[in-house]
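Participant: Have a look at this one.
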Amino acid sequence: MGQIILTIISSFFLLNVNLNQVFSFVSAPINPEAVIEKQATIHSPQRKVGIQDIEISAYSAAVLDIKDKLFIFEKNSNDRLRIASITKLMTALVFLDNNPGWDQIYEIKREDRREGGKIYLYLGDKVTVKNLFYAMLVGSDNSATIALIHSAGLSEADFVAKMNEKAKSLGLLQTRFVDPVGLSNSNVSTAREVALLAQAALAQSEINQAVATEKTEFSTVAGVSKAIESTDALLNNFSDNNIRIVGGKTGYTDLAGYCFVAKFIDANQHEIISVVLNTPSETDRFKQTAKLVRWIYDSYEW
């Protein structure tokens with residue numbers, strides 16, 4: 001009898017252990033990132049067989065496939081670098097959260113003046129907030145950028161704090177801003193995070209429309225005409241029947257080198273964002289971008 005009872009207890013113990021293992025397996029949390037990664041692997045663009053690697057002169061670069069949220073080209077893409085006026089994409093994003101109204105009139109003040117780059121607006125000029133926004137993103141006007149911030153009733157320090165908060169909310173952990181225009185060489189990011197910033201910025205129609213503008217023209221309240229051409233040379237200089245540039249943002253300081261981020265789309269509606277950081281010349285940032293983008297669309301199939 002004792003042997004029978006012992007056998008029953010042993011069997012129950014073994015059964016209990018197995019059930020615990022089963023329940024433990026069933027209740028184990030699912031890692032959503034692993035699921036996304038698996039799905040992305042299945043559906044991501046695939047590189048064609050026999051395609052040679054590409055060499056570009058930019059120190060750092062990255063190409064993001066927007067739909068699949070995957071980087072399909074990278075070169076030193078996690079190195080933290082200065083990003084110069086690419087900063088203004090974040091400035092634009094934060095401004096949209098604090099926009100006092102596009103038709104509000106703002107008068108350029110002495111404290112708005114910043115050196116560096118072309119200056120299109122001068123002391124006493126009265127223009128709309130929308131004019132300032134376009135001057136910032138089309139012509140990369142530093143003084144217009146500061147005026148835009150002041151039009152929102154914010155100090156530069158408060159605005160920069162919001163920029164860093166926004167970066168954190170977007171998951172840009174290697175990105176940091178010290179000023180809102182990009183003159184500071186302490187404004188840093190990586191090629192990967194610049195691509196993600198551009199994705200978030202260009203998803204906003206107001207920003208997308210501005211960076212797609214080859215030339216913006218308007219008049220001050222006093223009737224003085226202003227004409228500002230885009231710093232993005234590819235807007236009117238990129239020729240390809242199957243690929244179109246949606247828009248982009250340039251950046252330059254002596255230490256940052258020549259930088260450029262832009263969004264492209266092909267005839268099959270495949271969207272990518274290309275980033276080149278620290279290229280050796282103004283023309284080179286555009287040549288390298290065009291070279292890289294064409295290689296991507298020729299080398300991958302979706």
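Labels for the structure tokens follow display order: chains A, B, ..., residues from 1 in each chain, ligands from 1.
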Give me the residues within 10 Å of A:Ile149 as a PyMOL selection string, counting only C-alpha atoms and dropping any in the same chain fewer than 3 places off.

Facilitator: chain A and resi 91-92+94-95+98-99+112+129+132-133+144-146+152-156+158-160+180

Participant: DSSP on the backbone, strand (DSSP E) only: what residues of stretch 94-269 of chain A does that give? Format it as a PyMOL selection string.

Facilitator: chain A and resi 105-107+126-128+188-189+215-219+225-229+243-253+257-266

Participant: Skip A:Ile51 itself and residues of its chain fewer than 4 positions away, then list as a ChimeraX atom specification all residues within 10 Å of it, counting only C-alpha atoms.

Facilitator: /A:47,295,298-300

Participant: A:Leu183: which residues within 12 Å, counting only C-alpha atoms, same-chain residues fewer than 5 positions away excluded, as a list of chain:residue names?

Facilitator: A:Arg82, A:Ile83, A:Ala84, A:Ser85, A:Ile86, A:Thr87, A:Lys88, A:Arg114, A:Glu115, A:Gly116, A:Gly117, A:Ser140, A:Asp141, A:Asn142, A:Ser143, A:Thr145, A:Ile146, A:Phe177, A:Val178, A:Val188, A:Gly251, A:Tyr252, A:Thr253, A:Asp254, A:Leu255, A:Ala256

Participant: Suppose you want the space between atom CA of A:Ala198 and atom CA of A:Gly171; what is it in Å?

Facilitator: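 According to the coordinates, atom CA of A:Ala198 and atom CA of A:Gly171 are separated by 13.1 Å.
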
Participant: Would you compute the distance between atom CA of A:Ser184 and atom CA of A:Leu196? Give it in Å to one decimal.

Facilitator: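 Going from atom CA of A:Ser184 over to atom CA of A:Leu196 covers 21.1 Å.
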
Participant: Run DSSP on the backbone and grab whatever in stretch 30-271 of chain A lands in alpha helix (DSSP H); send it over as a tab-separated table (two decimals) with N, CA, C and O atoms, in the first residue's frame.

Facilitator:
chain	number	residue	atom	x	y	z
A	32	PRO	N	7.95	42.32	-28.63
A	32	PRO	CA	7.43	42.89	-29.87
A	32	PRO	C	8.52	43.26	-30.86
A	32	PRO	O	8.33	43.21	-32.06
A	33	GLU	N	9.70	43.66	-30.33
A	33	GLU	CA	10.80	44.03	-31.23
A	33	GLU	C	11.27	42.82	-32.03
A	33	GLU	O	11.63	42.93	-33.20
A	34	ALA	N	11.26	41.64	-31.37
A	34	ALA	CA	11.66	40.43	-32.06
A	34	ALA	C	10.68	40.09	-33.17
A	34	ALA	O	11.06	39.65	-34.26
A	35	VAL	N	9.39	40.30	-32.89
A	35	VAL	CA	8.36	40.04	-33.89
A	35	VAL	C	8.52	40.99	-35.07
A	35	VAL	O	8.47	40.58	-36.23
A	36	ILE	N	8.73	42.29	-34.77
A	36	ILE	CA	8.91	43.28	-35.82
A	36	ILE	C	10.14	42.95	-36.65
A	36	ILE	O	10.13	43.01	-37.88
A	37	GLU	N	11.22	42.55	-35.95
A	37	GLU	CA	12.45	42.23	-36.67
A	37	GLU	C	12.25	41.04	-37.59
A	37	GLU	O	12.71	41.04	-38.74
A	38	LYS	N	11.50	40.03	-37.12
A	38	LYS	CA	11.23	38.85	-37.94
A	38	LYS	C	10.39	39.22	-39.15
A	38	LYS	O	10.67	38.81	-40.28
A	39	GLN	N	9.35	40.03	-38.92
A	39	GLN	CA	8.49	40.47	-40.02
A	39	GLN	C	9.28	41.30	-41.02
A	39	GLN	O	9.12	41.17	-42.23
A	40	ALA	N	10.12	42.20	-40.48
A	40	ALA	CA	10.90	43.07	-41.35
A	40	ALA	C	11.85	42.26	-42.22
A	40	ALA	O	12.08	42.56	-43.39
A	41	THR	N	12.41	41.17	-41.62
A	41	THR	CA	13.33	40.32	-42.37
A	41	THR	C	12.61	39.67	-43.54
A	41	THR	O	13.16	39.52	-44.63
A	42	ILE	N	11.35	39.29	-43.32
A	42	ILE	CA	10.58	38.63	-44.36
A	42	ILE	C	10.21	39.60	-45.47
A	42	ILE	O	10.30	39.29	-46.65
A	43	HIS	N	9.81	40.81	-45.13
A	43	HIS	CA	9.27	41.75	-46.11
A	43	HIS	C	10.25	42.83	-46.55
A	43	HIS	O	9.92	43.65	-47.40
A	87	THR	N	19.89	70.80	-38.05
A	87	THR	CA	19.23	71.15	-36.79
A	87	THR	C	17.84	71.75	-37.03
A	87	THR	O	16.89	71.51	-36.26
A	88	LYS	N	17.70	72.52	-38.09
A	88	LYS	CA	16.45	73.26	-38.32
A	88	LYS	C	15.24	72.36	-38.57
A	88	LYS	O	14.10	72.82	-38.46
A	89	LEU	N	15.47	71.10	-38.89
A	89	LEU	CA	14.34	70.17	-38.99
A	89	LEU	C	13.69	69.96	-37.62
A	89	LEU	O	12.46	69.89	-37.51
A	90	MET	N	14.53	69.86	-36.60
A	90	MET	CA	13.98	69.74	-35.24
A	90	MET	C	13.35	71.05	-34.80
A	90	MET	O	12.30	71.06	-34.15
A	91	THR	N	13.98	72.17	-35.17
A	91	THR	CA	13.42	73.48	-34.86
A	91	THR	C	12.02	73.59	-35.45
A	91	THR	O	11.09	74.08	-34.80
A	92	ALA	N	11.86	73.14	-36.68
A	92	ALA	CA	10.56	73.19	-37.35
A	92	ALA	C	9.53	72.32	-36.63
A	92	ALA	O	8.37	72.73	-36.44
A	93	LEU	N	9.94	71.13	-36.22
A	93	LEU	CA	9.02	70.23	-35.51
A	93	LEU	C	8.53	70.84	-34.20
A	93	LEU	O	7.33	70.82	-33.90
A	94	VAL	N	9.46	71.39	-33.44
A	94	VAL	CA	9.09	71.99	-32.16
A	94	VAL	C	8.24	73.24	-32.37
A	94	VAL	O	7.29	73.50	-31.63
A	95	PHE	N	8.57	74.00	-33.40
A	95	PHE	CA	7.78	75.21	-33.68
A	95	PHE	C	6.32	74.86	-33.96
A	95	PHE	O	5.41	75.58	-33.53
A	96	LEU	N	6.09	73.78	-34.70
A	96	LEU	CA	4.71	73.41	-35.02
A	96	LEU	C	3.89	73.16	-33.76
A	96	LEU	O	2.66	73.33	-33.76
A	129	VAL	N	4.51	84.94	-39.95
A	129	VAL	CA	5.18	83.79	-39.34
A	129	VAL	C	5.49	82.74	-40.41
A	129	VAL	O	6.55	82.10	-40.40
A	130	LYS	N	4.58	82.57	-41.35
A	130	LYS	CA	4.81	81.59	-42.44
A	130	LYS	C	6.01	82.00	-43.27
A	130	LYS	O	6.79	81.14	-43.71
A	131	ASN	N	6.19	83.31	-43.51
A	131	ASN	CA	7.37	83.78	-44.24
A	131	ASN	C	8.65	83.40	-43.50
A	131	ASN	O	9.64	82.98	-44.13
A	132	LEU	N	8.65	83.55	-42.19
A	132	LEU	CA	9.81	83.18	-41.38
A	132	LEU	C	10.10	81.68	-41.47
A	132	LEU	O	11.25	81.26	-41.59
A	133	PHE	N	9.04	80.89	-41.42
A	133	PHE	CA	9.15	79.43	-41.48
A	133	PHE	C	9.80	79.01	-42.80
A	133	PHE	O	10.71	78.16	-42.82
A	134	TYR	N	9.35	79.60	-43.90
A	134	TYR	CA	9.90	79.27	-45.21
A	134	TYR	C	11.32	79.80	-45.38
A	134	TYR	O	12.18	79.13	-45.99
A	135	ALA	N	11.59	80.97	-44.83
A	135	ALA	CA	12.96	81.50	-44.90
A	135	ALA	C	13.93	80.58	-44.17
A	135	ALA	O	15.07	80.39	-44.59
A	136	MET	N	13.47	79.98	-43.08
A	136	MET	CA	14.29	79.05	-42.31
A	136	MET	C	14.57	77.76	-43.07
A	136	MET	O	15.72	77.32	-43.18
A	137	LEU	N	13.53	77.14	-43.64
A	137	LEU	CA	13.69	75.83	-44.25
A	137	LEU	C	14.12	75.88	-45.71
A	137	LEU	O	14.78	74.97	-46.20
A	138	VAL	N	13.75	76.93	-46.42
A	138	VAL	CA	14.14	77.05	-47.83
A	138	VAL	C	15.54	77.64	-47.94
A	138	VAL	O	16.43	77.07	-48.58
A	139	GLY	N	15.75	78.80	-47.32
A	139	GLY	CA	17.04	79.50	-47.43
A	139	GLY	C	18.00	79.25	-46.28
A	139	GLY	O	19.13	79.74	-46.30
A	142	ASN	N	19.49	82.01	-40.72
A	142	ASN	CA	19.65	81.88	-39.27
A	142	ASN	C	18.87	82.93	-38.50
A	142	ASN	O	18.26	82.65	-37.47
A	143	SER	N	18.89	84.17	-38.99
A	143	SER	CA	18.16	85.24	-38.30
A	143	SER	C	16.66	85.00	-38.35
A	143	SER	O	15.95	85.25	-37.36
A	144	ALA	N	16.17	84.52	-39.47
A	144	ALA	CA	14.74	84.20	-39.59
A	144	ALA	C	14.37	83.09	-38.63
A	144	ALA	O	13.26	83.06	-38.08
A	145	THR	N	15.29	82.17	-38.40
A	145	THR	CA	15.04	81.06	-37.47
A	145	THR	C	14.85	81.58	-36.05
A	145	THR	O	13.91	81.18	-35.34
A	146	ILE	N	15.73	82.46	-35.62
A	146	ILE	CA	15.62	83.03	-34.28
A	146	ILE	C	14.34	83.87	-34.17
A	146	ILE	O	13.63	83.82	-33.16
A	147	ALA	N	14.02	84.62	-35.21
A	147	ALA	CA	12.79	85.42	-35.22
A	147	ALA	C	11.57	84.51	-35.11
A	147	ALA	O	10.60	84.84	-34.41
A	148	LEU	N	11.62	83.38	-35.78
A	148	LEU	CA	10.50	82.42	-35.72
A	148	LEU	C	10.28	81.93	-34.29
A	148	LEU	O	9.14	81.86	-33.80
A	149	ILE	N	11.37	81.65	-33.60
A	149	ILE	CA	11.29	81.20	-32.20
A	149	ILE	C	10.69	82.30	-31.32
A	149	ILE	O	9.81	82.05	-30.50
A	150	HIS	N	11.18	83.51	-31.52
A	150	HIS	CA	10.67	84.64	-30.73
A	150	HIS	C	9.20	84.92	-31.05
A	150	HIS	O	8.46	85.37	-30.17
A	151	SER	N	8.78	84.64	-32.27
A	151	SER	CA	7.38	84.85	-32.63
A	151	SER	C	6.45	83.92	-31.84
A	151	SER	O	5.28	84.22	-31.64
A	156	GLU	N	15.31	81.41	-26.44
A	156	GLU	CA	16.12	80.37	-27.10
A	156	GLU	C	16.39	79.20	-26.16
A	156	GLU	O	16.34	78.04	-26.57
A	157	ALA	N	16.66	79.50	-24.90
A	157	ALA	CA	16.96	78.44	-23.93
A	157	ALA	C	15.75	77.52	-23.76
A	157	ALA	O	15.90	76.28	-23.74
A	158	ASP	N	14.57	78.11	-23.62
A	158	ASP	CA	13.36	77.29	-23.46
A	158	ASP	C	13.09	76.47	-24.72
A	158	ASP	O	12.67	75.31	-24.64
A	159	PHE	N	13.32	77.07	-25.87
A	159	PHE	CA	13.06	76.38	-27.13
A	159	PHE	C	14.02	75.21	-27.30
A	159	PHE	O	13.61	74.11	-27.71
A	160	VAL	N	15.30	75.42	-27.00
A	160	VAL	CA	16.28	74.34	-27.11
A	160	VAL	C	15.94	73.20	-26.16
A	160	VAL	O	16.10	72.02	-26.50
A	161	ALA	N	15.45	73.53	-24.97
A	161	ALA	CA	15.04	72.49	-24.02
A	161	ALA	C	13.93	71.64	-24.64
A	161	ALA	O	13.92	70.40	-24.51
A	162	LYS	N	13.00	72.29	-25.32
A	162	LYS	CA	11.91	71.56	-25.98
A	162	LYS	C	12.44	70.70	-27.13
A	162	LYS	O	11.93	69.61	-27.40
A	163	MET	N	13.47	71.19	-27.81
A	163	MET	CA	14.08	70.41	-28.88
A	163	MET	C	14.68	69.12	-28.35
A	163	MET	O	14.52	68.05	-28.93
A	164	ASN	N	15.36	69.21	-27.22
A	164	ASN	CA	15.97	68.02	-26.63
A	164	ASN	C	14.92	67.08	-26.06
A	164	ASN	O	15.08	65.84	-26.11
A	165	GLU	N	13.83	67.64	-25.56
A	165	GLU	CA	12.72	66.80	-25.11
A	165	GLU	C	12.09	66.05	-26.28
A	165	GLU	O	11.76	64.86	-26.19
A	166	LYS	N	11.93	66.75	-27.39
A	166	LYS	CA	11.35	66.13	-28.59
A	166	LYS	C	12.26	65.02	-29.11
A	166	LYS	O	11.80	63.96	-29.52
A	167	ALA	N	13.56	65.28	-29.09
A	167	ALA	CA	14.52	64.26	-29.54
A	167	ALA	C	14.38	63.00	-28.70
A	167	ALA	O	14.36	61.88	-29.23
A	168	LYS	N	14.26	63.17	-27.40
A	168	LYS	CA	14.11	62.03	-26.51
A	168	LYS	C	12.81	61.28	-26.79
A	168	LYS	O	12.77	60.04	-26.81
A	169	SER	N	11.74	62.03	-27.04
A	169	SER	CA	10.44	61.40	-27.30
A	169	SER	C	10.45	60.62	-28.62
A	169	SER	O	9.70	59.66	-28.79
A	191	ALA	N	24.17	59.56	-38.28
A	191	ALA	CA	23.49	59.46	-39.57
A	191	ALA	C	22.16	58.71	-39.43
A	191	ALA	O	21.16	59.07	-40.04
A	192	ARG	N	22.16	57.67	-38.60
A	192	ARG	CA	20.92	56.91	-38.38
A	192	ARG	C	19.84	57.81	-37.76
A	192	ARG	O	18.69	57.80	-38.20
A	193	GLU	N	20.22	58.56	-36.75
A	193	GLU	CA	19.22	59.38	-36.05
A	193	GLU	C	18.81	60.59	-36.88
A	193	GLU	O	17.66	61.05	-36.77
A	194	VAL	N	19.69	61.11	-37.72
A	194	VAL	CA	19.30	62.19	-38.62
A	194	VAL	C	18.22	61.68	-39.59
A	194	VAL	O	17.26	62.39	-39.89
A	195	ALA	N	18.37	60.45	-40.05
A	195	ALA	CA	17.37	59.87	-40.94
A	195	ALA	C	16.02	59.76	-40.24
A	195	ALA	O	14.97	60.07	-40.82
A	196	LEU	N	16.04	59.34	-38.98
A	196	LEU	CA	14.80	59.21	-38.21
A	196	LEU	C	14.19	60.58	-37.92
A	196	LEU	O	12.96	60.73	-37.92
A	197	LEU	N	15.04	61.56	-37.66
A	197	LEU	CA	14.55	62.93	-37.47
A	197	LEU	C	13.88	63.44	-38.74
A	197	LEU	O	12.78	64.02	-38.69
A	198	ALA	N	14.53	63.22	-39.88
A	198	ALA	CA	13.96	63.67	-41.15
A	198	ALA	C	12.65	62.96	-41.45
A	198	ALA	O	11.70	63.57	-41.97
A	199	GLN	N	12.58	61.69	-41.11
A	199	GLN	CA	11.33	60.94	-41.32
A	199	GLN	C	10.19	61.58	-40.53
A	199	GLN	O	9.09	61.80	-41.06
A	200	ALA	N	10.46	61.90	-39.27
A	200	ALA	CA	9.43	62.51	-38.42
A	200	ALA	C	9.08	63.91	-38.92
A	200	ALA	O	7.90	64.29	-38.95
A	201	ALA	N	10.09	64.68	-39.33
A	201	ALA	CA	9.84	66.05	-39.77
A	201	ALA	C	9.06	66.09	-41.08
A	201	ALA	O	8.07	66.82	-41.21
A	202	LEU	N	9.48	65.31	-42.06
A	202	LEU	CA	8.84	65.35	-43.36
A	202	LEU	C	7.47	64.66	-43.37
A	202	LEU	O	6.73	64.77	-44.35
A	205	SER	N	3.07	67.83	-43.02
A	205	SER	CA	2.85	68.43	-44.34
A	205	SER	C	3.45	69.83	-44.46
A	205	SER	O	3.98	70.20	-45.51
A	206	GLU	N	3.40	70.62	-43.37
A	206	GLU	CA	3.93	71.98	-43.43
A	206	GLU	C	5.44	71.98	-43.68
A	206	GLU	O	5.96	72.80	-44.43
A	207	ILE	N	6.14	71.05	-43.04
A	207	ILE	CA	7.59	70.95	-43.24
A	207	ILE	C	7.89	70.37	-44.61
A	207	ILE	O	8.77	70.86	-45.33
A	208	ASN	N	7.15	69.35	-44.99
A	208	ASN	CA	7.35	68.70	-46.28
A	208	ASN	C	7.20	69.71	-47.43
A	208	ASN	O	8.00	69.75	-48.37
A	209	GLN	N	6.16	70.53	-47.35
A	209	GLN	CA	5.92	71.52	-48.40
A	209	GLN	C	7.04	72.56	-48.46
A	209	GLN	O	7.46	72.98	-49.55
A	210	ALA	N	7.55	72.95	-47.30
A	210	ALA	CA	8.60	73.96	-47.27
A	210	ALA	C	9.90	73.43	-47.86
A	210	ALA	O	10.54	74.11	-48.68
A	211	VAL	N	10.32	72.23	-47.47
A	211	VAL	CA	11.59	71.71	-47.96
A	211	VAL	C	11.51	71.28	-49.43
A	211	VAL	O	12.54	71.03	-50.07

Participant: Got a sec: who's within 8 Å of A:Lys126, counting only C-alpha atoms, leaving out chain neighbours fewer than 3 positions off, as a PDB file with C-alpha atoms, in the first residue's frame?

Facilitator:
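File selection.pdb, as written:
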ATOM      1  CA  ILE A 105       2.929  89.547 -38.252  1.00  0.00           C
ATOM      2  CA  TYR A 106       6.383  89.658 -36.685  1.00  0.00           C
ATOM      3  CA  GLU A 107       8.867  92.533 -36.802  1.00  0.00           C
ATOM      4  CA  ILE A 108      12.550  91.627 -37.054  1.00  0.00           C
ATOM      5  CA  THR A 220       7.147  92.567 -46.238  1.00  0.00           C
ATOM      6  CA  VAL A 221       4.284  94.637 -44.821  1.00  0.00           C
ATOM      7  CA  ALA A 222       6.066  97.708 -46.243  1.00  0.00           C
TER       8      ALA A 222
END

Participant: Please report the interatomic distance between atom CA of A:Val63 and atom CA of A:Gly248 in Å with one decimal.

Facilitator: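 Separation of atom CA of A:Val63 and atom CA of A:Gly248: 13.4 Å.
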